[in-house]
Amino acid sequence: MPVESDDELREILEYDTIAVVGCSSTPGKAAHDIPKYLIEHGYEVIPVNPYADEILGKRAYDSLDDVAEEIDLVDVFRPGDEAPGIVEQAIARDDVKAVWLQLDITNDEAAEMAENAGLRFVQDKCMKVEHRRLLG
C-alpha cells in the first residue's frame, strides 16, 4: 500500500537528497516551481531531464542511471504509465529509499514493484503541499 500516514510522510520528507525526474526548466510549471521550493527549504535537488543541461543552477542528468550522487528519494513529474520504468531504475541504484509520484500521478504496478523491493512509495500527493502541511 502506498504511504498515507502523516508519520510516514514526515519521515520521507526528512530525506535530504531528491532526484526530480521530469524536472522542468520552465518557471511557472509545477515541475520547476516545486523543486525550486524544495531547494529553498534545504533539500539537495538533482534534476533529471534528458532535454536540459542545467535546471535551477544544477546539472541535469539524462536518467537516474546517470546520477553519480547518492539519492534518498525520487520525486516523479512524469505520466503514470512511465512510473514502472522509473521505479526499476530506482530499485537498480541500491541507494534510493522512496519514490514519490506527484499530485494526480498514480500507478499501482509501480507501487507494487517499489514495495516488493523494500522502497516506500507515495502517489498522488504534492511534496510542496505535504511539506508545508507537515513540516512548515
# chains A, B, ... in the order shown; residues from 1 in each chain; ligands from 1

$ select_by_dssp --residues "region 26-133 of chain A" --states "strand (DSSP E or B)" --output "PyMOL selection string"
chain A and resi 44-48+54-55+58-59+61+73-76+98-101+120-122

$ residues_around --residues "region 95-102 of chain A" --least-positions-apart "4" --cutoff "8 Å" --atoms "only C-alpha atoms" --output "compact mmCIF listing (two decimals) with N, CA, C and O atoms, in the first residue's frame"
# COMPACT_ATOMS: atom_id res chain seq x y z
N ILE A 12 9.62 10.47 5.34
CA ILE A 12 10.11 10.57 3.97
C ILE A 12 10.57 12.00 3.68
O ILE A 12 11.59 12.21 3.02
N GLU A 70 24.59 10.19 -4.37
CA GLU A 70 23.65 9.33 -3.64
C GLU A 70 22.28 9.98 -3.68
O GLU A 70 22.17 11.20 -3.54
N ILE A 71 21.24 9.18 -3.84
CA ILE A 71 19.86 9.67 -3.88
C ILE A 71 19.09 9.00 -2.76
O ILE A 71 19.15 7.79 -2.59
N ASP A 72 18.34 9.81 -1.99
CA ASP A 72 17.46 9.26 -0.96
C ASP A 72 16.05 9.01 -1.50
O ASP A 72 15.42 8.01 -1.18
N LEU A 73 15.57 9.95 -2.29
CA LEU A 73 14.18 9.98 -2.72
C LEU A 73 14.10 10.36 -4.19
O LEU A 73 14.81 11.25 -4.64
N VAL A 74 13.22 9.68 -4.93
CA VAL A 74 12.96 10.03 -6.32
C VAL A 74 11.57 10.64 -6.39
O VAL A 74 10.58 10.01 -6.02
N ASP A 75 11.52 11.91 -6.84
CA ASP A 75 10.26 12.63 -6.98
C ASP A 75 9.92 12.65 -8.48
O ASP A 75 10.75 13.06 -9.29
N VAL A 76 8.73 12.20 -8.84
CA VAL A 76 8.40 11.96 -10.25
C VAL A 76 7.34 12.93 -10.76
O VAL A 76 6.23 13.00 -10.23
N PHE A 77 7.72 13.66 -11.82
CA PHE A 77 6.81 14.54 -12.56
C PHE A 77 6.68 14.01 -13.98
O PHE A 77 6.95 14.72 -14.94
N ALA A 83 5.90 5.41 -14.74
CA ALA A 83 6.35 5.15 -13.36
C ALA A 83 7.04 3.79 -13.18
O ALA A 83 8.06 3.72 -12.49
N VAL A 87 10.67 3.41 -11.46
CA VAL A 87 10.85 2.60 -10.25
C VAL A 87 11.93 1.54 -10.49
O VAL A 87 12.77 1.31 -9.61
N ALA A 90 15.15 3.19 -10.05
CA ALA A 90 15.37 3.50 -8.63
C ALA A 90 15.81 2.25 -7.87
O ALA A 90 16.74 2.30 -7.07
N ILE A 91 15.15 1.12 -8.14
CA ILE A 91 15.49 -0.14 -7.47
C ILE A 91 16.91 -0.56 -7.81
O ILE A 91 17.68 -1.01 -6.95
N THR A 106 -0.50 8.39 -10.62
CA THR A 106 -0.63 7.12 -9.90
C THR A 106 -0.24 5.97 -10.82
O THR A 106 -0.32 6.08 -12.04
N ALA A 114 7.85 -1.13 -6.21
CA ALA A 114 8.63 -0.41 -5.20
C ALA A 114 8.53 -1.10 -3.85
O ALA A 114 9.55 -1.34 -3.18
N GLY A 118 11.24 -3.13 -1.19
CA GLY A 118 11.54 -2.52 0.09
C GLY A 118 11.58 -1.01 0.09
O GLY A 118 12.04 -0.38 1.05
N LEU A 119 11.10 -0.39 -0.99
CA LEU A 119 11.07 1.07 -1.06
C LEU A 119 9.72 1.59 -0.57
O LEU A 119 8.69 0.96 -0.80
N ARG A 120 9.74 2.74 0.08
CA ARG A 120 8.49 3.41 0.40
C ARG A 120 7.98 4.05 -0.89
O ARG A 120 8.76 4.47 -1.75
N PHE A 121 6.66 4.15 -1.00
CA PHE A 121 6.06 4.64 -2.23
C PHE A 121 4.90 5.57 -1.90
O PHE A 121 4.01 5.22 -1.12
N VAL A 122 4.96 6.78 -2.46
CA VAL A 122 3.90 7.77 -2.29
C VAL A 122 3.37 8.08 -3.68
O VAL A 122 4.14 8.20 -4.64
N GLN A 123 2.04 8.21 -3.81
CA GLN A 123 1.50 8.62 -5.10
C GLN A 123 0.35 9.60 -4.91
O GLN A 123 -0.28 9.65 -3.85
N ASP A 124 0.15 10.42 -5.94
CA ASP A 124 -0.95 11.37 -5.97
C ASP A 124 -0.89 12.36 -4.80
O ASP A 124 -1.90 12.71 -4.20
N LYS A 125 0.31 12.81 -4.46
CA LYS A 125 0.49 13.82 -3.42
C LYS A 125 1.58 14.80 -3.87
O LYS A 125 2.57 14.40 -4.46
N CYS A 126 1.37 16.06 -3.56
CA CYS A 126 2.36 17.10 -3.89
C CYS A 126 3.35 17.24 -2.74
O CYS A 126 2.94 17.47 -1.59
N MET A 127 4.64 17.14 -3.04
CA MET A 127 5.66 17.26 -1.99
C MET A 127 5.61 18.62 -1.32
O MET A 127 5.78 18.73 -0.11

$ select_by_dssp --residues "chain A" --states "helix (DSSP H, G or I)" --output "MDAnalysis selection string"
chainID A and resid 6:13 30:40 64:66 80:93 108:116 127:134

$ residues_around --residues "Val48 (chain A)" --least-positions-apart "6" --cutoff "7 Å" --atoms "only C-alpha atoms" --output "list in words"
Ala19, Val20, Val21, Gly22, Cys23, Ala60, Tyr61, Asp62, Ser63 and Leu64 of chain A

$ residues_around --residues "Ser25 (chain A)" --least-positions-apart "3" --cutoff "10 Å" --atoms "only C-alpha atoms" --output "list in words"
Gly22, Gly28, Lys29, Ala31, His32, Asp33, Pro47, Asn49, Tyr51, Ala52, Asp53, Glu54, Ile55, Leu56, Gly57 and Ala60 of chain A

$ write_last_selection --atoms "C-alpha atoms" --output "PDB file, in the first residue's frame"
ATOM      1  CA  GLY A  22      10.829  15.262 -15.211  1.00  0.00           C
ATOM      2  CA  GLY A  28       5.531  28.505 -13.653  1.00  0.00           C
ATOM      3  CA  LYS A  29       5.346  24.755 -14.240  1.00  0.00           C
ATOM      4  CA  ALA A  31       7.902  20.509 -12.235  1.00  0.00           C
ATOM      5  CA  HIS A  32      10.036  23.662 -11.930  1.00  0.00           C
ATOM      6  CA  ASP A  33       8.453  25.541  -9.051  1.00  0.00           C
ATOM      7  CA  PRO A  47      17.254  17.439 -11.812  1.00  0.00           C
ATOM      8  CA  ASN A  49      15.635  15.703 -17.667  1.00  0.00           C
ATOM      9  CA  TYR A  51      16.384  17.707 -22.696  1.00  0.00           C
ATOM     10  CA  ALA A  52      18.237  20.073 -20.354  1.00  0.00           C
ATOM     11  CA  ASP A  53      21.863  20.543 -19.349  1.00  0.00           C
ATOM     12  CA  GLU A  54      21.113  22.623 -16.266  1.00  0.00           C
ATOM     13  CA  ILE A  55      17.991  23.424 -14.247  1.00  0.00           C
ATOM     14  CA  LEU A  56      17.810  25.734 -11.217  1.00  0.00           C
ATOM     15  CA  GLY A  57      21.580  26.195 -11.410  1.00  0.00           C
ATOM     16  CA  ALA A  60      20.590  17.982 -15.141  1.00  0.00           C
TER      17      ALA A  60
END

$ closest_residue --among "A:Pro27, A:Gly85, A:Tyr43, A:Pro79" --to "Ile105 (chain A)" --atoms "only C-alpha atoms"
A:Pro79

$ residues_around --residues "Gly136 (chain A)" --least-positions-apart "6" --cutoff "12 Å" --atoms "only C-alpha atoms" --output "PyMOL selection string"
chain A and resi 10+13+37-38+41+127-130
